[in-house]
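All remarks here apply to the structure that follows.
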Amino acid sequence: MKKKMTMGRISSGTAMGMLLLLALFSISSVHSFYLPGVAPRDFQSGDELPVKVNKLSSTKTQLPYDFYYLKYCKPKKILNSAENLGEVLRGDRIENSVYVFKMREEKSCTVACGRIKLDAEAAKNFKEKIDDEYRANMILDNLPVAVLRKRADGIQSKTYEHGFRVGFKGNYAGSKEEKYFINNHLSFRVMYHKDPETDYARIVGFEVTPNSINHEYKEWNEKNPQLVTCNKDTKNLLPGSTVPQEVDADKEVIFTYDVSFVESDIKWASRWDTYLLMNDDQIHWFSIINSLMIVLFLSGMVAMIMMRTLYKDISNYNQLETQDEAQEETGWKLVHGDAFRAPINSSLLCVYVGTGVQIFAMTLVTMIFALLGFLSPSNRGGLMTAMVLLWVFMGLFAGYSSARLYKMFKGTEWKRNTLKTAFMFPGILFAVFFVLNALIWGEQSSGAVPFGTMFALVCLWFGISVPLVFVGSYLGFKKPAIEDPVKTNKIPRQIPEQAWYMQPVFSILIGGILPFGAVFIELFFILTSIWLNQFYYIFGFLFIVFVILLITCAEITIVLCYFQLCSEDYHWWWRSYLTAGSSALYLFLYSVFYFFTKLEITKFVSGVLYFGYMIIVSYSFFVLTGTIGFYACFWFVRKIYSSVKID
């Protein structure tokens, strides 16, 4: 298994410093290592190499289909390979195929199976998939098949496109009528790295060149078919004058393939490098560094202003000795008797904060695993599986943090609060997911999560997550309540009229801009990997961006909270949550912009899927950033009111 790494130096003795070092260490210079439990396979000459087929995928529809949904050559018995939870959720369907190679034994113009006659439905399915630019995916020794990507100037660069096109549209010379053609001849190229001391070799590359050939034969022999259009004994397989294979009802298609083996200097541990190469890595570097510099500079400025202003405030307040001066208090000290008054819907706030802690813990642990190389693209479905399982187990922290806050607000119905924490956020997600899954199922796509997997997800939720939320709540509620640093007045203070720029809606919307600015460039790459079938692997960058997101959410919320208290408005609880959380609104608006500028989705169902999943992502981002903002503001308010002398 391969991993990209970077040599970076950060001198810090703290745990955060160590994690940042780990992040920088995993960004750029190529260095590879084996992971526990992932071992290379050695093959001798003549060893069997079974090729597996995966889903048919399209960036135009986002609806994956089983490979055998189209009338391709099928083995006598179709066997499903063992799939993890993540693979099923991604729509992967890995099955055996008729393509079987032998190590270092080349084949020319081999007929994959007998003649296949296309009926009206099979021809219609092929045409639909060609229209929607579907690609067929195959796997050999855990490497996905790839096609060399052509650059605009026609030069073949060593970057890959995943899978090969099902077919293409074109017209015969002298005719304007558009026809459909199928890629029925596959030229496979298997790269291997040979051990110099033994005869063993390891597979390090799997490429294909698809072609369309209208095969001809004099007399069909089922046991030993001989084709006129290509000969097993010659290497000159594809003369330029070859007529392509048209797709139409009652047309006969013969699927053929060649295999060639090429020795390569690429070592097994680095075999994923070519798959992970990005054409725009320069842009990626500069944009990320630019983003980091701006955000770090702003964060430094904000922190400096806050420290100086606050220090001055606290010194002034502590020097007020006479009664007259005390009566002329202004600013945030004036609302000390109301700053810790419980907000409206305090139980709902507890639920959202608890859920945010759960998402934060899941994200942090997932990223650490990814940095260590356990969730690289070669571990298919690993990232999705890890996220689902970590979400379930982090229910403990959700229950604990929600109960601690609920007890501080003097709540008594802790069981009801726990039930809300366990069911509200996952319930909303599950409802949206269920509707989207029904739409995918209606399209007969393999992306529809099977009933068994859906049942397993419900069992994980009810069987592990909910009990853990209750355990966390019980532990949190048993602890003594968090004491307020100042007493709360019995009668709430009247809030003076606020300036237009201190109105809740305006300040909340302003607060979300900076956190979104910290992540939007990385967001482009993440959306590209999800919706344009690219691999995402730069977890080092992602981790640094995540740390900066935390810092900016915390600082912008503290600054706006300080201004709010200075203008004698003490309703900061929900405001602090919504200020940082509003960055999710910008995330969703950016996803709308991305949809119209980068994607070519035309189907209604595909559009609904895109926006459905982006609503889930934006909602999760809202809960995560809101919780970070809330805890930063909570710490800040407690700190300032415990620093001044109050009679």
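Numbering starts fresh at 1 for the residues of each chain in the structure tokens, the chains themselves are lettered A, B, ... in the order given, and ligands are numbered from 1 as they appear.
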
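Residues with any atom within 8 Å of Lys218 (chain A), counting only C-alpha atoms and excluding same-chain neighbours fewer than 4 positions away, are A:Gln226, A:Leu227, A:Val228.
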
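All residues of protein, DNA or RNA that reach within 8 Å of Ile558 (chain A), judged by only C-alpha atoms and not counting those fewer than 3 positions away in the chain, are Ala554, Glu555, Cys561, Tyr562, Ser576, Gly629, Ala632, Cys633 and Phe636 of chain A.
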
Open item on the list: Report as JSON, numbers by chain all protein, DNA and RNA residues lying within 10 Å of Asp250 (chain A), evaluated on only C-alpha atoms, omitting residues in the same chain fewer than 2 positions from it.
Closed with: {"A": [116, 117, 118, 119, 120, 122, 123, 247, 248, 252, 253]}

Selection export as an mmCIF file, in the first residue's frame, atoms kept: C-alpha atoms:
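Done, and the output landed in again-v6.cif:
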data_model
loop_
_atom_site.group_PDB
_atom_site.id
_atom_site.type_symbol
_atom_site.label_atom_id
_atom_site.label_comp_id
_atom_site.auth_asym_id
_atom_site.auth_seq_id
_atom_site.Cartn_x
_atom_site.Cartn_y
_atom_site.Cartn_z
ATOM 1 C CA ILE A 116 -23.863 -12.207 -28.120
ATOM 2 C CA LYS A 117 -26.998 -11.126 -29.960
ATOM 3 C CA LEU A 118 -28.415 -7.843 -28.682
ATOM 4 C CA ASP A 119 -32.170 -7.792 -28.219
ATOM 5 C CA ALA A 120 -34.089 -4.498 -28.213
ATOM 6 C CA ALA A 122 -29.994 -4.810 -24.332
ATOM 7 C CA ALA A 123 -29.360 -2.379 -27.228
ATOM 8 C CA VAL A 247 -24.999 -1.097 -31.196
ATOM 9 C CA ASP A 248 -28.487 -1.886 -32.407
ATOM 10 C CA GLU A 252 -24.233 -9.571 -33.104
ATOM 11 C CA VAL A 253 -21.330 -8.557 -30.809
#

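Considering the residues A:Ala499, A:Leu609, A:Ala481, A:Val111 and counting only C-alpha atoms, Ser401 (chain A) has its shortest atom-to-atom contact with A:Ala481.
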
Open item on the list: Can you tell me which residues surround Phe470 (chain A) at a distance of at most 10 Å, considering only C-alpha atoms, apart from same-chain residues fewer than 5 positions away, and format the answer as an MDAnalysis selection string?
Closed with: chainID A and resid 395:396 398:400 403 414:415 417:419 421:422 465 475:476

Output for the residues just chosen: C-alpha atoms as an mmCIF file, in the first residue's frame:
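Result file is out16.cif:
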data_model
loop_
_atom_site.group_PDB
_atom_site.id
_atom_site.type_symbol
_atom_site.label_atom_id
_atom_site.label_comp_id
_atom_site.auth_asym_id
_atom_site.auth_seq_id
_atom_site.Cartn_x
_atom_site.Cartn_y
_atom_site.Cartn_z
ATOM 1 C CA GLY A 395 -22.257 8.422 21.034
ATOM 2 C CA LEU A 396 -20.719 8.171 24.515
ATOM 3 C CA ALA A 398 -22.545 13.063 22.795
ATOM 4 C CA GLY A 399 -24.496 11.843 25.826
ATOM 5 C CA TYR A 400 -21.890 13.060 28.317
ATOM 6 C CA ALA A 403 -26.048 15.919 30.007
ATOM 7 C CA TRP A 414 -32.332 13.981 31.678
ATOM 8 C CA LYS A 415 -33.825 10.851 30.074
ATOM 9 C CA ASN A 417 -32.838 15.011 26.824
ATOM 10 C CA THR A 418 -30.826 11.820 26.212
ATOM 11 C CA LEU A 419 -33.470 10.414 23.863
ATOM 12 C CA THR A 421 -29.621 13.520 21.646
ATOM 13 C CA ALA A 422 -29.705 9.877 20.505
ATOM 14 C CA SER A 465 -25.089 4.212 19.539
ATOM 15 C CA LEU A 475 -22.094 9.629 33.719
ATOM 16 C CA GLY A 476 -22.499 13.313 32.811
#

- [ ] Identify which of the residues A:Val100, A:Val53, A:Leu148, A:Leu429 lies closest to Thr274 (chain A), counting only C-alpha atoms when measuring atom-to-atom distances.
- [x] A:Leu148

Task: Counting only C-alpha atoms, the residue of A:Ile510, A:Val147, A:Met384, A:Val637 that sits nearest Asp484 (chain A) - done: A:Val637

TODO: Identify which of the residues A:Ser643, A:Asn54, A:Leu292, A:Ala342 lies closest to Val519 (chain A), counting only C-alpha atoms when measuring atom-to-atom distances.
DONE: A:Leu292
